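Here is structure.cif, consisting of mmCIF, C-alpha atoms and all ligand atoms:
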```
data_run
loop_
_atom_site.label_atom_id
_atom_site.label_comp_id
_atom_site.auth_asym_id
_atom_site.auth_seq_id
_atom_site.Cartn_x
_atom_site.Cartn_y
_atom_site.Cartn_z
CA MET B 6 52.59 52.73 304.22
CA LEU B 7 53.53 56.27 303.24
CA ARG B 8 56.39 57.84 305.16
CA SER B 9 57.25 60.79 302.96
CA GLN B 10 57.12 63.40 305.72
CA SER B 11 59.65 61.43 307.78
CA LYS B 12 61.84 61.24 304.73
CA ASP B 13 61.62 65.00 304.19
CA LEU B 14 62.35 65.74 307.85
CA PHE B 15 65.38 63.47 307.74
CA ALA B 16 66.75 65.36 304.72
CA ARG B 17 66.19 68.63 306.60
CA ALA B 18 67.75 67.26 309.80
CA ARG B 19 70.87 66.13 307.98
CA LYS B 20 71.63 69.71 307.05
CA VAL B 21 71.96 70.87 310.65
CA ILE B 22 72.46 67.73 312.76
CA PRO B 23 75.35 65.31 312.10
CA GLY B 24 73.84 62.29 310.37
CA GLY B 25 70.43 63.85 311.00
CA VAL B 26 70.20 62.34 314.50
CA ASN B 27 71.32 63.04 318.04
CA SER B 28 72.20 59.42 318.76
CA PRO B 29 73.57 57.12 316.02
CA VAL B 30 71.32 54.04 316.28
CA ARG B 31 68.30 56.21 315.48
CA ALA B 32 69.58 56.79 311.95
CA PHE B 33 68.46 53.30 310.76
CA LYS B 34 71.94 52.48 309.46
CA GLY B 35 71.51 49.03 310.98
CA VAL B 36 68.36 48.30 308.97
CA GLY B 37 68.57 50.61 305.97
CA GLY B 38 66.11 53.28 304.83
CA HIS B 39 65.44 56.53 306.67
CA PRO B 40 64.41 56.97 310.30
CA ILE B 41 60.80 57.55 311.25
CA PHE B 42 59.97 60.82 312.97
CA PHE B 43 57.36 60.54 315.68
CA LYS B 44 54.99 63.19 316.85
CA ASN B 45 53.09 61.64 319.72
CA ALA B 46 52.40 58.43 321.59
CA LYS B 47 49.98 56.83 324.01
CA GLY B 48 50.31 53.55 325.88
CA PRO B 49 51.99 51.04 323.53
CA TYR B 50 51.32 53.09 320.37
CA VAL B 51 53.49 55.66 318.65
CA GLU B 52 52.30 57.87 315.82
CA ASP B 53 54.64 59.17 313.14
CA VAL B 54 54.53 62.52 311.34
CA ASP B 55 52.75 60.92 308.37
CA GLY B 56 49.93 59.79 310.66
CA ASN B 57 50.87 56.08 310.75
CA SER B 58 50.43 54.28 314.04
CA TYR B 59 52.68 51.47 315.31
CA ILE B 60 52.86 49.17 318.29
CA ASP B 61 56.17 50.13 319.82
CA TYR B 62 58.73 47.70 321.28
CA VAL B 63 61.53 50.20 321.77
CA SER B 64 59.99 51.96 324.78
CA SER B 65 62.40 54.87 324.29
CA TRP B 66 65.12 52.22 324.85
CA GLY B 67 63.69 51.29 328.22
CA PRO B 68 62.14 54.14 330.20
CA MET B 69 58.56 53.69 328.97
CA ILE B 70 57.94 50.61 331.08
CA GLN B 71 54.37 51.79 331.75
CA GLY B 72 53.77 53.07 328.25
CA PHE B 73 53.88 56.49 326.65
CA THR B 74 52.24 59.52 328.25
CA PHE B 75 51.64 57.48 331.40
CA GLN B 76 49.29 59.68 333.41
CA PRO B 77 51.10 59.67 336.80
CA VAL B 78 54.31 60.75 335.04
CA VAL B 79 52.60 63.44 332.98
CA ASP B 80 50.93 64.79 336.13
CA ALA B 81 54.18 64.81 338.12
CA ILE B 82 56.06 66.64 335.39
CA THR B 83 53.27 69.18 334.93
CA ALA B 84 53.06 69.88 338.65
CA GLN B 85 56.83 70.27 339.01
CA ALA B 86 57.10 72.49 335.94
CA GLN B 87 54.73 74.96 337.66
CA LYS B 88 57.14 75.18 340.59
CA SER B 89 60.35 75.44 338.51
CA THR B 90 62.28 73.14 336.23
CA SER B 91 65.49 73.74 338.15
CA PHE B 92 67.00 75.66 341.05
CA GLY B 93 70.67 74.71 341.01
CA ALA B 94 70.14 74.04 344.71
CA PRO B 95 68.89 71.00 346.63
CA THR B 96 65.25 69.90 346.46
CA GLU B 97 63.30 67.36 348.49
CA VAL B 98 62.33 65.25 345.49
CA GLU B 99 66.02 64.31 344.97
CA ILE B 100 66.03 62.73 348.43
CA GLU B 101 62.76 60.95 347.74
CA LEU B 102 64.02 59.27 344.57
CA ALA B 103 67.33 58.36 346.25
CA GLU B 104 65.41 56.87 349.18
CA MET B 105 63.29 54.77 346.82
CA ILE B 106 66.43 53.37 345.20
CA VAL B 107 68.16 52.68 348.53
CA GLU B 108 65.05 50.96 349.83
CA ARG B 109 64.93 48.55 346.88
CA PHE B 110 68.61 47.74 346.25
CA LYS B 111 70.35 45.78 349.01
CA SER B 112 73.78 46.82 347.73
CA ILE B 113 72.98 50.54 347.74
CA GLU B 114 73.28 52.93 350.68
CA LYS B 115 73.94 56.17 348.83
CA VAL B 116 73.08 57.50 345.38
CA ARG B 117 74.51 60.35 343.29
CA MET B 118 72.28 61.54 340.46
CA VAL B 119 73.68 62.54 337.07
CA ASN B 120 72.16 63.31 333.66
CA SER B 121 72.74 60.17 331.60
CA GLY B 122 73.89 56.58 331.73
CA THR B 123 77.17 57.61 330.14
CA GLU B 124 77.82 60.06 332.92
CA ALA B 125 76.94 57.43 335.50
CA THR B 126 79.45 54.87 334.23
CA MET B 127 82.19 57.47 333.66
CA SER B 128 81.75 58.68 337.22
CA ALA B 129 81.64 55.16 338.67
CA ILE B 130 84.91 54.34 336.89
CA ARG B 131 86.57 57.48 338.25
CA LEU B 132 85.35 56.61 341.73
CA ALA B 133 86.69 53.05 341.45
CA ARG B 134 90.05 54.31 340.21
CA GLY B 135 90.20 56.89 342.98
CA ILE B 136 89.35 54.38 345.67
CA THR B 137 91.78 51.67 344.53
CA GLY B 138 94.56 53.91 343.27
CA ARG B 139 94.70 51.67 340.16
CA ASP B 140 94.11 52.50 336.49
CA LYS B 141 93.08 49.29 334.72
CA ILE B 142 89.44 48.48 334.16
CA VAL B 143 87.95 45.31 332.76
CA LYS B 144 84.86 45.17 330.56
CA PHE B 145 83.36 42.55 328.26
CA ASP B 146 83.10 42.39 324.48
CA GLY B 147 79.73 43.63 323.28
CA CYS B 148 78.78 45.24 326.59
CA PHE B 149 77.96 48.92 326.18
CA HIS B 150 78.45 51.39 328.98
CA GLY B 151 77.86 54.68 327.20
CA HIS B 152 80.42 56.62 325.20
CA GLY B 153 82.97 57.56 327.85
CA ASP B 154 86.58 57.34 326.63
CA SER B 155 87.60 54.45 328.86
CA LEU B 156 84.56 52.41 327.93
CA LEU B 157 84.40 52.79 324.18
CA VAL B 158 86.31 49.61 323.51
CA LYS B 159 84.48 46.66 321.89
CA ALA B 160 81.28 48.36 322.87
CA GLY B 161 78.15 46.68 321.50
CA SER B 162 75.11 47.86 319.62
CA GLY B 163 75.60 51.45 318.44
CA VAL B 164 79.22 50.93 317.63
CA LEU B 165 78.50 47.47 316.29
CA THR B 166 75.75 48.65 313.98
CA LEU B 167 78.12 51.19 312.51
CA GLY B 168 80.96 48.70 312.27
CA LEU B 169 83.35 50.84 314.30
CA PRO B 170 85.25 48.58 316.67
CA ASP B 171 86.65 51.62 318.39
CA SER B 172 86.57 55.35 317.88
CA PRO B 173 89.08 57.93 316.72
CA GLY B 174 89.42 60.55 319.41
CA VAL B 175 89.91 58.08 322.23
CA PRO B 176 93.56 58.50 323.28
CA ASN B 177 95.61 55.29 323.12
CA ASP B 178 97.04 56.21 326.49
CA LEU B 179 93.58 55.87 327.95
CA ALA B 180 92.28 52.92 325.91
CA GLN B 181 95.30 50.86 326.94
CA HIS B 182 93.95 50.83 330.47
CA THR B 183 90.79 49.06 329.35
CA ILE B 184 90.90 45.30 329.03
CA SER B 185 87.99 43.71 327.18
CA LEU B 186 87.29 39.99 327.59
CA PRO B 187 84.64 37.68 326.12
CA PHE B 188 81.35 37.88 328.03
CA ASN B 189 80.60 34.71 330.00
CA SER B 190 84.15 33.37 329.89
CA ILE B 191 84.87 32.32 333.46
CA ASP B 192 88.31 30.97 332.51
CA GLN B 193 89.56 34.18 330.96
CA ILE B 194 88.52 36.47 333.79
CA THR B 195 90.00 34.07 336.33
CA GLN B 196 93.30 33.91 334.44
CA LEU B 197 93.42 37.69 334.07
CA PHE B 198 92.99 38.24 337.78
CA ASP B 199 95.51 35.51 338.59
CA SER B 200 98.15 37.27 336.53
CA ARG B 201 97.26 40.97 336.89
CA GLY B 202 94.70 41.28 339.68
CA GLY B 203 96.75 43.88 341.55
CA GLU B 204 96.51 46.38 338.67
CA ILE B 205 92.75 46.29 338.24
CA ALA B 206 90.57 49.05 339.66
CA ALA B 207 87.23 47.64 338.58
CA VAL B 208 85.28 45.17 336.53
CA ILE B 209 82.27 46.74 334.86
CA VAL B 210 79.58 44.49 333.42
CA GLU B 211 76.01 44.50 332.22
CA PRO B 212 74.84 41.66 334.49
CA ILE B 213 72.35 40.76 331.79
CA ALA B 214 73.85 42.07 328.57
CA GLY B 215 71.35 44.09 326.58
CA ASN B 216 73.39 46.04 324.09
CA MET B 217 74.45 43.14 321.86
CA GLY B 218 70.94 41.83 322.04
CA CYS B 219 69.79 40.24 325.26
CA ILE B 220 72.42 37.81 326.59
CA PRO B 221 71.97 36.14 329.96
CA PRO B 222 74.96 35.58 332.22
CA ALA B 223 76.23 31.98 332.13
CA GLU B 224 75.91 30.01 335.31
CA GLY B 225 78.69 31.01 337.67
CA PHE B 226 79.86 33.99 335.61
CA LEU B 227 78.63 36.77 337.89
CA GLU B 228 79.63 34.75 340.96
CA THR B 229 83.15 34.48 339.54
CA LEU B 230 83.30 38.24 338.98
CA ARG B 231 82.25 38.79 342.57
CA LYS B 232 84.83 36.31 343.85
CA VAL B 233 87.88 37.53 341.91
CA THR B 234 87.20 41.23 342.48
CA ARG B 235 86.79 40.66 346.21
CA LYS B 236 89.96 38.56 346.39
CA HIS B 237 92.05 41.16 344.56
CA LYS B 238 90.41 44.23 346.13
CA ALA B 239 89.04 45.53 342.84
CA LEU B 240 85.52 46.96 342.68
CA LEU B 241 82.67 45.20 340.91
CA ILE B 242 80.42 47.60 339.02
CA PHE B 243 77.06 46.39 337.74
CA ASP B 244 75.93 48.63 334.92
CA GLU B 245 72.18 48.36 335.38
CA VAL B 246 71.30 51.42 333.32
CA MET B 247 69.17 49.07 331.22
CA THR B 248 68.26 46.29 333.67
CA GLY B 249 67.60 48.40 336.78
CA PHE B 250 63.85 48.60 337.44
CA ARG B 251 63.36 46.53 334.27
CA VAL B 252 64.04 42.85 334.97
CA ALA B 253 63.10 43.31 338.64
CA SER B 254 62.79 46.35 340.87
CA ALA B 255 66.33 45.87 342.12
CA GLY B 256 67.58 44.85 338.70
CA ALA B 257 69.64 41.84 337.69
CA GLN B 258 71.44 41.87 341.04
CA GLN B 259 68.17 40.90 342.65
CA LEU B 260 67.51 38.08 340.16
CA PHE B 261 70.99 36.62 340.58
CA SER B 262 71.48 37.49 344.25
CA ILE B 263 74.85 39.17 343.78
CA GLU B 264 75.79 42.42 345.47
CA PRO B 265 78.12 44.59 343.40
CA ASP B 266 80.19 47.36 345.00
CA LEU B 267 78.80 50.03 342.69
CA THR B 268 75.69 50.14 340.53
CA THR B 269 74.89 52.48 337.66
CA LEU B 270 71.31 53.31 336.78
CA GLY B 271 69.51 55.35 334.12
CA LYS B 272 66.66 54.88 331.65
CA VAL B 273 63.66 53.75 333.80
CA ILE B 274 64.63 55.94 336.79
CA GLY B 275 64.07 59.06 334.67
CA ALA B 276 60.77 57.96 333.10
CA GLY B 277 61.94 59.37 329.76
CA LEU B 278 63.75 62.45 331.04
CA PRO B 279 67.55 62.60 330.91
CA VAL B 280 68.81 60.93 334.09
CA GLY B 281 71.47 58.59 335.35
CA ALA B 282 72.74 57.61 338.78
CA PHE B 283 75.64 55.82 340.35
CA ALA B 284 75.35 54.28 343.73
CA GLY B 285 76.73 51.86 346.26
CA LYS B 286 77.87 51.35 349.80
CA LYS B 287 78.40 54.42 351.95
CA LYS B 288 82.11 53.68 352.44
CA PHE B 289 82.66 54.02 348.67
CA MET B 290 80.18 56.78 347.88
CA ASP B 291 81.48 58.99 350.69
CA ARG B 292 84.76 59.28 348.83
CA LEU B 293 82.95 61.67 346.45
CA ALA B 294 83.22 65.45 346.74
CA PRO B 295 82.17 67.34 348.80
CA GLU B 296 82.45 64.62 351.49
CA GLY B 297 85.57 63.11 349.96
CA ASP B 298 88.33 63.96 347.53
CA ILE B 299 87.10 62.40 344.27
CA TYR B 300 85.53 65.11 342.18
CA GLN B 301 82.25 64.83 340.31
CA SER B 302 79.51 67.42 339.70
CA GLY B 303 76.62 68.52 337.47
CA THR B 304 74.74 71.79 336.97
CA LEU B 305 71.44 70.02 336.32
CA SER B 306 72.11 66.81 338.27
CA GLY B 307 69.13 65.72 340.34
CA ASN B 308 66.96 67.92 338.15
CA PRO B 309 63.58 68.22 339.90
CA LEU B 310 61.55 67.61 336.73
CA ALA B 311 63.40 64.34 336.10
CA MET B 312 63.28 63.34 339.77
CA ALA B 313 59.53 63.94 339.95
CA ALA B 314 58.98 61.90 336.80
CA GLY B 315 61.15 59.03 338.04
CA LYS B 316 59.47 59.01 341.43
CA ALA B 317 55.99 58.89 339.90
CA LEU B 318 56.96 55.99 337.64
CA ILE B 319 58.83 53.90 340.20
CA ASN B 320 55.94 54.31 342.63
CA THR B 321 53.86 52.16 340.29
CA LEU B 322 56.44 49.37 339.94
CA ASP B 323 55.92 46.76 342.64
CA ASP B 324 56.63 43.03 342.79
CA GLU B 325 53.27 42.25 341.27
CA PHE B 326 54.07 44.46 338.29
CA TYR B 327 57.26 42.53 337.60
CA ALA B 328 55.55 39.15 338.08
CA THR B 329 52.95 40.12 335.50
CA LEU B 330 55.54 41.56 333.13
CA THR B 331 57.59 38.35 333.36
CA ARG B 332 54.51 36.29 332.50
CA HIS B 333 53.64 38.59 329.60
CA THR B 334 57.17 38.50 328.22
CA ASP B 335 57.17 34.68 328.35
CA GLU B 336 53.79 34.60 326.64
CA LEU B 337 54.86 36.87 323.78
CA VAL B 338 58.14 35.02 323.27
CA LEU B 339 56.36 31.67 323.22
CA GLY B 340 53.95 33.01 320.61
CA LEU B 341 56.78 34.26 318.42
CA MET B 342 58.69 30.98 318.72
CA LYS B 343 55.58 29.05 317.71
CA ILE B 344 55.19 31.15 314.56
CA ALA B 345 58.88 30.73 313.72
CA ALA B 346 58.54 26.96 314.06
CA GLN B 347 55.40 26.89 311.91
CA THR B 348 56.98 29.00 309.21
CA ASP B 349 60.29 27.13 309.47
CA ILE B 350 62.37 30.20 310.31
CA PRO B 351 65.46 29.44 312.41
CA LEU B 352 65.05 31.79 315.36
CA ARG B 353 66.33 32.03 318.89
CA ILE B 354 64.85 34.43 321.40
CA ASN B 355 66.71 35.34 324.56
CA HIS B 356 64.52 37.03 327.13
CA PHE B 357 64.05 38.28 330.65
CA CYS B 358 61.26 40.19 332.28
CA GLY B 359 60.41 43.10 329.97
CA MET B 360 63.16 42.52 327.41
CA PHE B 361 63.85 40.10 324.57
CA SER B 362 65.96 39.72 321.44
CA LEU B 363 65.30 37.99 318.17
CA PHE B 364 68.34 36.19 316.79
CA PHE B 365 67.86 34.74 313.33
CA THR B 366 70.24 31.84 313.63
CA LYS B 367 70.53 28.06 313.65
CA GLN B 368 72.92 28.20 316.60
CA ALA B 369 71.61 26.30 319.59
CA GLU B 370 72.31 29.26 321.85
CA VAL B 371 73.56 32.83 321.75
CA THR B 372 75.69 33.52 324.80
CA ASN B 373 78.39 35.93 323.71
CA PHE B 374 79.40 38.59 321.22
CA ASP B 375 81.00 36.13 318.76
CA GLN B 376 77.79 34.16 318.48
CA VAL B 377 75.79 37.39 318.11
CA THR B 378 77.86 38.42 315.11
CA GLN B 379 77.19 35.04 313.47
CA CYS B 380 73.43 35.69 313.37
CA ASP B 381 71.67 36.58 310.13
CA VAL B 382 71.63 40.39 310.21
CA ASP B 383 70.16 40.67 306.70
CA ARG B 384 67.19 38.62 307.76
CA TYR B 385 66.62 40.89 310.76
CA ARG B 386 66.69 43.89 308.41
CA THR B 387 64.07 42.37 306.17
CA PHE B 388 61.96 41.31 309.13
CA PHE B 389 62.22 44.79 310.68
CA HIS B 390 60.82 46.45 307.54
CA LEU B 391 58.10 43.83 307.10
CA MET B 392 57.04 44.42 310.69
CA LEU B 393 57.02 48.18 310.15
CA ASP B 394 54.62 47.73 307.28
CA GLU B 395 52.50 45.54 309.55
CA GLY B 396 52.45 48.40 312.08
CA VAL B 397 55.02 47.16 314.60
CA TYR B 398 58.07 49.25 315.48
CA LEU B 399 61.03 47.12 316.58
CA ALA B 400 64.54 48.33 317.37
CA PRO B 401 66.24 49.56 314.17
CA SER B 402 69.23 47.29 314.73
CA ALA B 403 69.73 43.54 315.02
CA PHE B 404 71.94 44.12 318.03
CA GLU B 405 69.42 45.83 320.30
CA SER B 406 66.92 44.37 322.73
CA ALA B 407 63.19 44.87 322.42
CA PHE B 408 61.42 46.29 325.46
CA LEU B 409 57.89 45.85 326.67
CA GLY B 410 55.96 46.95 329.72
CA GLY B 411 52.63 47.36 331.41
CA GLN B 412 51.22 48.94 328.24
CA HIS B 413 51.54 45.70 326.27
CA THR B 414 48.33 43.84 327.05
CA SER B 415 46.97 40.63 325.50
CA ASP B 416 45.16 42.42 322.68
CA VAL B 417 48.39 44.21 321.80
CA PHE B 418 50.15 40.83 321.76
CA ASP B 419 47.48 39.40 319.48
CA GLN B 420 48.06 42.21 316.99
CA THR B 421 51.83 41.75 317.30
CA LEU B 422 51.63 37.99 316.69
CA THR B 423 49.39 38.43 313.66
CA ALA B 424 51.90 40.93 312.29
CA ALA B 425 54.80 38.57 313.04
CA GLU B 426 53.04 35.68 311.33
CA ASN B 427 52.48 37.72 308.17
CA ALA B 428 56.06 38.98 308.26
CA MET B 429 57.60 35.54 308.79
CA ARG B 430 55.57 34.04 305.97
CA LYS B 431 56.87 36.76 303.66
CA LEU B 432 60.42 36.23 304.93
CA HIS B 433 60.22 32.79 303.45
CA SER B 434 58.85 33.61 300.04
C1 LIG B 501 71.83 53.04 327.62
C2 LIG B 501 72.98 52.51 328.37
C3 LIG B 501 74.06 53.32 328.79
C4 LIG B 501 74.18 54.76 328.34
O1 LIG B 501 73.18 55.55 328.84
P1 LIG B 501 72.94 56.99 328.13
O2 LIG B 501 71.86 57.60 328.96
O3 LIG B 501 72.57 56.71 326.73
O4 LIG B 501 74.21 57.73 328.21
C5 LIG B 501 75.03 52.78 329.59
N1 LIG B 501 74.97 51.48 329.96
C6 LIG B 501 73.97 50.66 329.58
C7 LIG B 501 73.96 49.26 330.05
C8 LIG B 501 72.95 51.15 328.77
O5 LIG B 501 72.00 50.31 328.36
#
```
Encoded form using structure tokens:
Amino acid sequence: MLRSQSKDLFARARKVIPGGVNSPVRAFKGVGGHPIFFKNAKGPYVEDVDGNSYIDYVSSWGPMIQGFTFQPVVDAITAQAQKSTSFGAPTEVEIELAEMIVERFKSIEKVRMVNSGTEATMSAIRLARGITGRDKIVKFDGCFHGHGDSLLVKAGSGVLTLGLPDSPGVPNDLAQHTISLPFNSIDQITQLFDSRGGEIAAVIVEPIAGNMGCIPPAEGFLETLRKVTRKHKALLIFDEVMTGFRVASAGAQQLFSIEPDLTTLGKVIGAGLPVGAFAGKKKFMDRLAPEGDIYQSGTLSGNPLAMAAGKALINTLDDEFYATLTRHTDELVLGLMKIAAQTDIPLRINHFCGMFSLFFTKQAEVTNFDQVTQCDVDRYRTFFHLMLDEGVYLAPSAFESAFLGGQHTSDVFDQTLTAAENAMRKLHS
């Protein structure tokens, strides 16, 4: 497969854009080679600048849960663009999207829109610190919450792919307020709260981790987080930027029946436009300016183009959609596991509705960051490139989840499984 135009564009990009990309994982450092530049997409297929077509399992990292150029979204954006892309003043469509979120999430009474997941988590942390009057926050190794200063500690995929455990530029004075514990360790979080509970403003967690590959919460883990935060009057923040409207309409909190104090959203709610949101009970959210004293703002927040796109997409996501997507995900994963068994490739696949991760490993399970780092990254690299040549675009990093949606139908699965079978056979030889 010829990809010379992508290669040329990458060389050109590197002259004017740091590393040639506007977000590090795109640079293919995790898999080697040069990134692929795309020019258009439809349904499950993306087409690169050299004219090659691929079945895509990145879904723009989540938002494309109904496929690319999904007609209701295209129509909504087109209609809104005719009216104006922005006013810098309130619009009705902001209320409509907020209402849709409030209606679906039991834990949410009010929503503030922002422009990215990073902004959502940064703002939620400030709100939690303002409410509790405490500075310390707790996160988990391998969980990624965007690149905000307080959260860039042991932070999963992007950072992991690049091998940067931390980042220069984050002041020590700030990083020292972040405590990072192993994901799924009930003992360690319990001990921490027993000894220092009174200092902790918030625990922030991906309720299903997705940025070190897909890692489900261990039984009792989320319940423990709920219990200790309540007992010590710290806030529990579920970062559902990835899992919101993906694993269920009300995210992982619906699947596990836990109500966090604050929730952050992004990705799917913007249908591919830049959006984030943070949300929760009225008593917390009303502490925000202009109602309250905790400041947060955004020139383009609640942007009507993004709101219209999100509204059009979410309108199509009902319980039946998620039931079907769950079944499809199971079906694809089962097919892949079968091929791995036949070709004698040690493989584990963690999955939930609409997301899955391939771990090339003999470990019986992959439940935390330590186990993730023990997987065979070289094998993923090889597999990634073999799949590319078979016309399947997976995430360009062993530490990312794959995403699928309504666009991935049985015939797309058949093509994917044929590609995977060819790739796995070659992996062996
Ligand atoms: C993607 C992601 C973020 C960051 O969102 P951006 O829009 O990239 O800033 C934060 N948290 C989680 C769980 C994510 O998956």
TODO: Do a neighbour search on Lys12 of chain B at 10 Å with all atoms listed in the file, toss out local chain neighbours closer than 4 positions, and write the hits as a VMD selection string.
DONE: chain B and resid 7 to 8 16 to 18 38 to 42 54 to 55
Hey, what's within 6 Å of Ala207 of chain B if we count all atoms listed in the file and toss same-chain stuff fewer than 3 positions away? As an mmCIF file with C-alpha atoms, in the coordinates of the input, please?
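Result went into out_15.cif, see below:
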```cif
data_model
loop_
_atom_site.group_PDB
_atom_site.id
_atom_site.type_symbol
_atom_site.label_atom_id
_atom_site.label_comp_id
_atom_site.auth_asym_id
_atom_site.auth_seq_id
_atom_site.Cartn_x
_atom_site.Cartn_y
_atom_site.Cartn_z
ATOM 1 C CA ILE B 142 89.440 48.480 334.160
ATOM 2 C CA ALA B 239 89.040 45.530 342.840
ATOM 3 C CA LEU B 240 85.520 46.960 342.680
ATOM 4 C CA LEU B 241 82.670 45.200 340.910
#
```
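Pocket residues of ligand LIG 501 (chain B), taken as those with any atom at most 8 Å away using all atoms listed in the file, are Trp66, Asn120, Ser121, Gly122, Thr123, Glu124, Ala125, Thr126, Cys148, Phe149, His150, Gly151, His152, Glu211, Ala214, Gly215, Asn216, Asp244, Glu245, Val246, Met247, Thr248, Thr269, Leu270, Gly271, Lys272, Pro279, Val280 and Gly281 of chain B.
Shortest atom-to-atom contact with Glu104 of chain B among B:Ala403, B:Leu337, B:Met312, B:Leu363: B:Met312, counting only C-alpha atoms.
When only C-alpha atoms are used to measure the gap to Ala314 of chain B, the shortest distance among B:Ala255, B:Gly277, B:Asn355, B:Met105 belongs to B:Gly277.
Of the listed residues (B:Phe374, B:Gln258, B:Tyr300, B:Ala32), B:Phe374 comes nearest to Ser185 of chain B; the distances count only C-alpha atoms.
Using all atoms listed in the file for every distance, the candidate list B:Leu230, B:Pro49, B:Val21, B:Ile194 yields B:Pro49 as the residue closest to Tyr62 of chain B.
The nearest approach to Asp375 of chain B among the residues B:Lys159, B:Arg201, B:Arg117, B:Lys288, with all atoms listed in the file taken into account, belongs to B:Lys159.
Here atom CA of Val338 of chain B is placed at a distance of 7.0 Å from atom CA of Ile354 of chain B.
From atom CA of Glu405 of chain B back to atom CA of Val119 of chain B, the distance works out to 24.1 Å.
Using all atoms listed in the file, the shortest contact distance between Arg386 of chain B and any of B:Leu432, B:Leu102, B:Ile344, B:Ile113 is found at B:Leu432.
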Task: Two-atom distance - atom CA of Tyr385 of chain B, atom CA of Met6 of chain B (Å) - done: 19.5 Å
Open item on the list: If we count only C-alpha atoms and set the cut-off at 12 Å, which residues sit around Gly297 of chain B, ignoring sequence neighbours fewer than 6 positions away in its own chain? Please answer as number ranges by chain.
Closed with: B: 132, 135-136, 287-291
Here's a test: counting all atoms listed in the file, identify every protein, DNA and RNA residue with an atom at most 9 Å from (66.3, 43.5, 334.4) in the file's coordinate frame, and state them as a compact mmCIF listing (two decimals) with C-alpha atoms, in the coordinates of the input.
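Result file result.txt:
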```
# COMPACT_ATOMS: atom_id res chain seq x y z
CA PRO B 212 74.84 41.66 334.49
CA ILE B 213 72.35 40.76 331.79
CA GLU B 245 72.18 48.36 335.38
CA MET B 247 69.17 49.07 331.22
CA THR B 248 68.26 46.29 333.67
CA GLY B 249 67.60 48.40 336.78
CA PHE B 250 63.85 48.60 337.44
CA ARG B 251 63.36 46.53 334.27
CA VAL B 252 64.04 42.85 334.97
CA ALA B 253 63.10 43.31 338.64
CA SER B 254 62.79 46.35 340.87
CA ALA B 255 66.33 45.87 342.12
CA GLY B 256 67.58 44.85 338.70
CA ALA B 257 69.64 41.84 337.69
CA GLN B 258 71.44 41.87 341.04
CA GLN B 259 68.17 40.90 342.65
CA LEU B 260 67.51 38.08 340.16
CA PHE B 357 64.05 38.28 330.65
CA CYS B 358 61.26 40.19 332.28
CA GLY B 359 60.41 43.10 329.97
CA MET B 360 63.16 42.52 327.41
```
List as a CSV table (one decimal) with C-alpha atoms, in the coordinates of the input the protein and nucleic acid residues near Phe43 of chain B, meaning an atom at most 8 Å away when all atoms listed in the file are counted, but skip any in the same chain fewer than 4 places from it.
```csv
chain,number,residue,atom,x,y,z
B,51,VAL,CA,53.5,55.7,318.6
B,52,GLU,CA,52.3,57.9,315.8
B,53,ASP,CA,54.6,59.2,313.1
B,54,VAL,CA,54.5,62.5,311.3
```
Task: Shell of 9 Å around Glu114 of chain B, all atoms listed in the file, local chain residues under 2 positions omitted, as a list in words - done: Glu104, Ile106, Val107, Glu108, Phe110, Lys111, Ser112, Val116, Ala284, Gly285, Lys286, Lys287 and Met290 of chain B
Output C-alpha atoms of each residue in that selection to a file, as a compact mmCIF listing (two decimals), keeping the file's coordinate frame.
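Dumped to result.txt:
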```
# COMPACT_ATOMS: atom_id res chain seq x y z
CA GLU B 104 65.41 56.87 349.18
CA ILE B 106 66.43 53.37 345.20
CA VAL B 107 68.16 52.68 348.53
CA GLU B 108 65.05 50.96 349.83
CA PHE B 110 68.61 47.74 346.25
CA LYS B 111 70.35 45.78 349.01
CA SER B 112 73.78 46.82 347.73
CA VAL B 116 73.08 57.50 345.38
CA ALA B 284 75.35 54.28 343.73
CA GLY B 285 76.73 51.86 346.26
CA LYS B 286 77.87 51.35 349.80
CA LYS B 287 78.40 54.42 351.95
CA MET B 290 80.18 56.78 347.88
```
